[in-house]
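J.: What follows is a structure written as structure tokens; I'll ask about it next.
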Amino acid sequence: MTTSTTPEPSPAPPLLDLHALVVAVRRRRRLWSSMALLGLLLGAAVAVLLPPPPTAVTTVLVVHEDDQPNDTGTLIRTDVALLGTTRIAAGALRSLGSSQKPEDFMRDYRGTGLTNNLLQIDVTGDSDAQAVARAKALADAFVADHVRRMTEAAEAEAKALLQQRDRMRDELAQVNEAIGEREPESDPQASASIESLFARRALLNSRIADFDQRAAEARTGTPKLIAGTQIVDAPRAVRHSLPKATVTDAAIGLVLGLVLGLAVAAVGTVVADRPVLRREIAANLGASVIAELRRVRRRPPWLWQLRRTRAARERLTTTLARTVRGSAEPVSLLELGCARSTGLIALDVARALAAQAPVVVVDGLPGRDLTDSAQEPGGPAVVGGERAETVPHGTRRLGVGSVAPGTAWTDLRHLGTRTVLVVRAGHGSAAWLHTVARQLADQRIRVLGVVLIDPDPRDRTDGTLWDGPHTALRGQDEWPARQNGGGTSHTVQAVGESRLRTERPPVTAARVPDSDQEAR
């Protein structure tokens, strides 16, 4: 009796990996740091090259008739809006004797409500003296307009009250005339009519007195409003400090540039979908990361970086030389985004192998930098890819090629049937890494492992795949069956190999870090 177990499906990856996003943004620090520096320089340049115009400021106390302690600022906002009208601007220009249009002058000043009764006026000009004169004329024009409006409102209210009083007096005269025409009678109904007329006369007299009092109060309150509305802070020129303005604008530009740079880096990372973590690169290529190495740069590294890089390269050379010696088939190094680093690694490995047997490096990289480079006496020979067939069969070959876009996939098998991929972290997209894995599987080129160039130093993810051959969708698991025949034996052999892979104890992939930490 046989039982079969169905493997549990692996959990779906998250739509947005925050860890990978943070790592990718940190790796693009040149972008956002450059934009932050650019914002800093632009802010400082704006402060120096575009200084603010001469400005004067004044403060006006505005007293309203309907002032309330719980006012939310509606009245002062109304005053700010009135300040920005052509009537106020035209009055200020008339006092200045200027021929400037009110519409143009309105762009040179602004009002700000400080409290419910304090209005601040900021005015610019060609000079400090002109700005101060403009501010005084504008404040005087606003106060005069406010006083005029308050006076007109009080006069209109008093006039309306007096008109009501005059109508009451006319009605009172009619009531008095009606009372004078009546004669005393003993009729109860006539007595009641006379009493109602007397009551009406008393009410009219009371209302007339009330209207007289209210009209007087309306006129009395106007002087208080006029006296309370005044300029409490005389117009003065605002002093600008160039160093302070430069520092402030530079800080604002730095923050804006940094935020914009981080946003651009994050959006570009999500859109490009370029894996940077060992876990992602190993999963997309279907092969384990066997070593890491710092990217070879054009500029000379610092002394401590040179020592660490040299030690890491020596460990990587030892690992790859052991892999090439243990392989019965030709081995190649295929690069993606790091042709210079791959060429140097190939030369180091060839020198290590040349100590035991002759080695020829077959250069299939784009360009002829490796082939045309000066060869050391007694070192490994370097030939171009077109001369690979002329290499003697007894000589060990080490192929060097590329899997970048535009690669001739059918030529890669001539470099070696087994390969080690040298991939720069964050260079290729996830879709292209899948394409590389499938194309190598179709060409029956077994991937022994991945050498990661320029890894993230804070990456702690695992780059080892225990089921690596299953990741490439087709080709790799089919070679043993095709080479050994067909039929039921093929299935048995594939199942046996799968069982061996499952039961084999895990072996941790060697890692060559770019620091002094131990390889794991």
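Quick note on naming: the chains in the structure tokens go A, B, ... in the order shown, residues restart at 1 in each chain, and ligands are numbered from 1 in order of appearance.
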Can you pull out the residues contacting Ala56 of chain A? Cut-off 12 Å, using only C-alpha atoms, and skip same-chain residues under 5 positions away; I want them as an MDAnalysis selection string.
T.: chainID A and resid 108:110 120:139 233:240
J.: With C-alpha atoms retained, write the just-selected residues as a short mmCIF file (atom, residue, chain, number, x, y, z; two decimals), in the first residue's frame.
T.:
data_model
loop_
_atom_site.label_atom_id
_atom_site.label_comp_id
_atom_site.auth_asym_id
_atom_site.auth_seq_id
_atom_site.Cartn_x
_atom_site.Cartn_y
_atom_site.Cartn_z
CA ASP A 108 2.27 94.91 -3.20
CA TYR A 109 0.58 94.59 0.19
CA ARG A 110 -1.39 92.14 2.26
CA GLN A 120 -1.29 93.80 10.49
CA ILE A 121 -0.46 95.37 7.13
CA ASP A 122 2.69 94.37 5.19
CA VAL A 123 3.67 96.59 2.26
CA THR A 124 6.59 96.30 -0.16
CA GLY A 125 8.30 99.07 -2.11
CA ASP A 126 11.37 100.03 -4.06
CA SER A 127 13.08 101.27 -0.91
CA ASP A 128 12.52 101.23 2.83
CA ALA A 129 11.32 104.84 2.83
CA GLN A 130 8.80 104.15 0.08
CA ALA A 131 7.58 101.03 1.84
CA VAL A 132 7.08 102.96 5.12
CA ALA A 133 5.21 105.75 3.30
CA ARG A 134 3.00 103.24 1.56
CA ALA A 135 2.24 101.47 4.82
CA LYS A 136 1.23 104.74 6.54
CA ALA A 137 -0.94 105.85 3.62
CA LEU A 138 -2.61 102.45 3.46
CA ALA A 139 -3.27 102.38 7.21
CA ASP A 233 2.14 100.31 15.80
CA ALA A 234 3.69 102.98 13.62
CA PRO A 235 4.93 101.87 10.19
CA ARG A 236 8.50 100.64 10.27
CA ALA A 237 10.87 98.94 7.85
CA VAL A 238 11.47 95.23 8.33
CA ARG A 239 15.15 94.34 8.59
CA HIS A 240 16.26 91.23 6.69
#
J.: List as a tab-separated table every residue of segment 412-471 of chain A that is in contact with segment 272-295 of chain A, defined as an atom at most 8 Å from one of its atoms (using only C-alpha atoms), together with the nearest atom pair and the distance in Å rounded to one decimal, sorted by chain and then rising number.
T.:
residue	atom	partner	partner_atom	distance
A:Arg424	CA	A:Arg295	CA	7.9
A:Ala425	CA	A:Val276	CA	4.9
A:Gly426	CA	A:Val276	CA	4.5
A:His427	CA	A:Arg274	CA	6.4
A:Gly428	CA	A:Arg274	CA	5.7
A:Ser429	CA	A:Arg274	CA	4.2
A:Ala430	CA	A:Arg274	CA	5.8
A:Leu433	CA	A:Leu285	CA	5.6
A:His434	CA	A:Asn284	CA	5.6
A:Val436	CA	A:Leu285	CA	7.2
A:Ala437	CA	A:Leu285	CA	5.2
A:Val447	CA	A:Ala287	CA	6.6
A:Leu448	CA	A:Ala287	CA	7.1
A:Gly449	CA	A:Ser288	CA	5.2
A:Val450	CA	A:Val289	CA	4.5
A:Val451	CA	A:Ala291	CA	4.9
A:Leu452	CA	A:Glu292	CA	4.6
A:Ile453	CA	A:Leu293	CA	5.0
A:Asp454	CA	A:Arg294	CA	4.6
A:Pro455	CA	A:Glu292	CA	6.7
A:Asp456	CA	A:Leu277	CA	7.4
A:Asp459	CA	A:Leu277	CA	6.5
A:Thr461	CA	A:Arg279	CA	5.7
A:Asp462	CA	A:Arg279	CA	5.4
A:Gly463	CA	A:Arg279	CA	4.5
A:Thr464	CA	A:Ser288	CA	4.5
A:Leu465	CA	A:Ser288	CA	5.3
A:Gly468	CA	A:Gly286	CA	4.8
A:Pro469	CA	A:Gly286	CA	6.4
A:His470	CA	A:Gly286	CA	7.3
A:Thr471	CA	A:Gly286	CA	4.7
J.: Please, could you write that set of residues out with N, CA and C atoms as a compact mmCIF listing (two decimals), in the first residue's frame?
T.:
# COMPACT_ATOMS: atom_id res chain seq x y z
N ARG A 424 24.97 41.46 -10.12
CA ARG A 424 25.01 42.66 -9.28
C ARG A 424 23.64 42.89 -8.66
N ALA A 425 23.61 43.05 -7.36
CA ALA A 425 22.34 43.22 -6.65
C ALA A 425 21.65 44.49 -7.12
N GLY A 426 20.35 44.39 -7.40
CA GLY A 426 19.56 45.53 -7.81
C GLY A 426 19.73 45.95 -9.25
N HIS A 427 20.44 45.14 -10.07
CA HIS A 427 20.65 45.53 -11.47
C HIS A 427 19.55 44.99 -12.38
N GLY A 428 19.26 43.74 -12.29
CA GLY A 428 18.26 43.14 -13.17
C GLY A 428 16.90 43.09 -12.51
N SER A 429 15.86 43.20 -13.31
CA SER A 429 14.50 43.11 -12.80
C SER A 429 14.14 41.65 -12.51
N ALA A 430 13.07 41.47 -11.76
CA ALA A 430 12.63 40.11 -11.44
C ALA A 430 12.24 39.35 -12.71
N LEU A 433 15.44 38.18 -14.43
CA LEU A 433 16.06 37.05 -13.71
C LEU A 433 15.33 35.75 -14.01
N HIS A 434 14.01 35.81 -14.09
CA HIS A 434 13.25 34.62 -14.50
C HIS A 434 13.62 34.22 -15.92
N VAL A 436 16.48 34.67 -17.46
CA VAL A 436 17.81 34.06 -17.43
C VAL A 436 17.72 32.62 -16.96
N ALA A 437 16.95 32.38 -15.89
CA ALA A 437 16.83 31.02 -15.37
C ALA A 437 16.21 30.08 -16.41
N VAL A 447 23.17 25.67 -13.34
CA VAL A 447 23.64 26.79 -12.54
C VAL A 447 24.15 26.24 -11.21
N LEU A 448 25.45 26.37 -10.98
CA LEU A 448 26.04 25.85 -9.75
C LEU A 448 25.78 26.78 -8.56
N GLY A 449 25.63 28.04 -8.81
CA GLY A 449 25.39 28.99 -7.73
C GLY A 449 25.47 30.41 -8.24
N VAL A 450 25.27 31.33 -7.33
CA VAL A 450 25.25 32.75 -7.66
C VAL A 450 26.27 33.47 -6.79
N VAL A 451 27.09 34.30 -7.43
CA VAL A 451 27.99 35.20 -6.72
C VAL A 451 27.35 36.58 -6.77
N LEU A 452 27.06 37.10 -5.61
CA LEU A 452 26.35 38.38 -5.52
C LEU A 452 27.36 39.51 -5.37
N ILE A 453 27.30 40.45 -6.29
CA ILE A 453 28.20 41.60 -6.29
C ILE A 453 27.47 42.81 -5.72
N ASP A 454 28.18 43.56 -4.91
CA ASP A 454 27.65 44.77 -4.28
C ASP A 454 26.38 44.47 -3.49
N PRO A 455 26.44 43.53 -2.54
CA PRO A 455 25.24 43.23 -1.75
C PRO A 455 25.00 44.32 -0.71
N ASP A 456 23.81 44.30 -0.15
CA ASP A 456 23.51 45.23 0.93
C ASP A 456 24.20 44.74 2.19
N ASP A 459 21.92 43.15 4.84
CA ASP A 459 21.02 42.09 4.41
C ASP A 459 21.27 40.85 5.26
N THR A 461 18.92 38.20 5.08
CA THR A 461 18.05 37.16 4.55
C THR A 461 18.88 35.97 4.09
N ASP A 462 18.24 34.81 3.99
CA ASP A 462 18.92 33.58 3.59
C ASP A 462 18.85 33.45 2.08
N GLY A 463 20.01 33.25 1.45
CA GLY A 463 20.05 33.09 0.00
C GLY A 463 20.27 31.67 -0.44
N THR A 464 19.92 30.69 0.41
CA THR A 464 20.11 29.28 0.07
C THR A 464 18.78 28.65 -0.29
N LEU A 465 18.74 27.96 -1.43
CA LEU A 465 17.54 27.23 -1.87
C LEU A 465 17.82 25.74 -1.80
N GLY A 468 16.47 24.23 -5.32
CA GLY A 468 16.85 25.12 -6.41
C GLY A 468 16.54 24.62 -7.79
N PRO A 469 16.83 23.35 -8.16
CA PRO A 469 16.55 22.88 -9.52
C PRO A 469 15.08 22.94 -9.89
N HIS A 470 14.18 23.01 -8.92
CA HIS A 470 12.75 23.04 -9.26
C HIS A 470 12.28 24.44 -9.59
N THR A 471 13.09 25.45 -9.32
CA THR A 471 12.61 26.81 -9.53
C THR A 471 12.54 27.16 -11.00
J.: Can you tell me, as a ChimeraX atom specification, which residues in segment 228-471 of chain A count as alpha helix (DSSP H) by DSSP?
T.: /A:228,242-272,278-285,303-325,339-354,369-372,412-415,430-442
J.: Counting only C-alpha atoms, which residue out of A:Thr410, A:Thr229, A:Ser402, A:Ser34 sits closest to Val422 of chain A?
T.: A:Ser402
J.: Extract, using only C-alpha atoms, all DNA, RNA and protein residues at most 8 Å from Leu38 of chain A, discarding same-chain residues fewer than 5 positions from it, and format them as a PyMOL selection string.
T.: chain A and resi 253-254+257
J.: Select, from A:Asp79, A:Glu171, A:Glu65, A:Glu157, the residue with the minimum atom-to-atom distance to Ala202 of chain A, counting only C-alpha atoms.
T.: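 Using only C-alpha atoms, Ala202 of chain A sits closest to A:Glu171.
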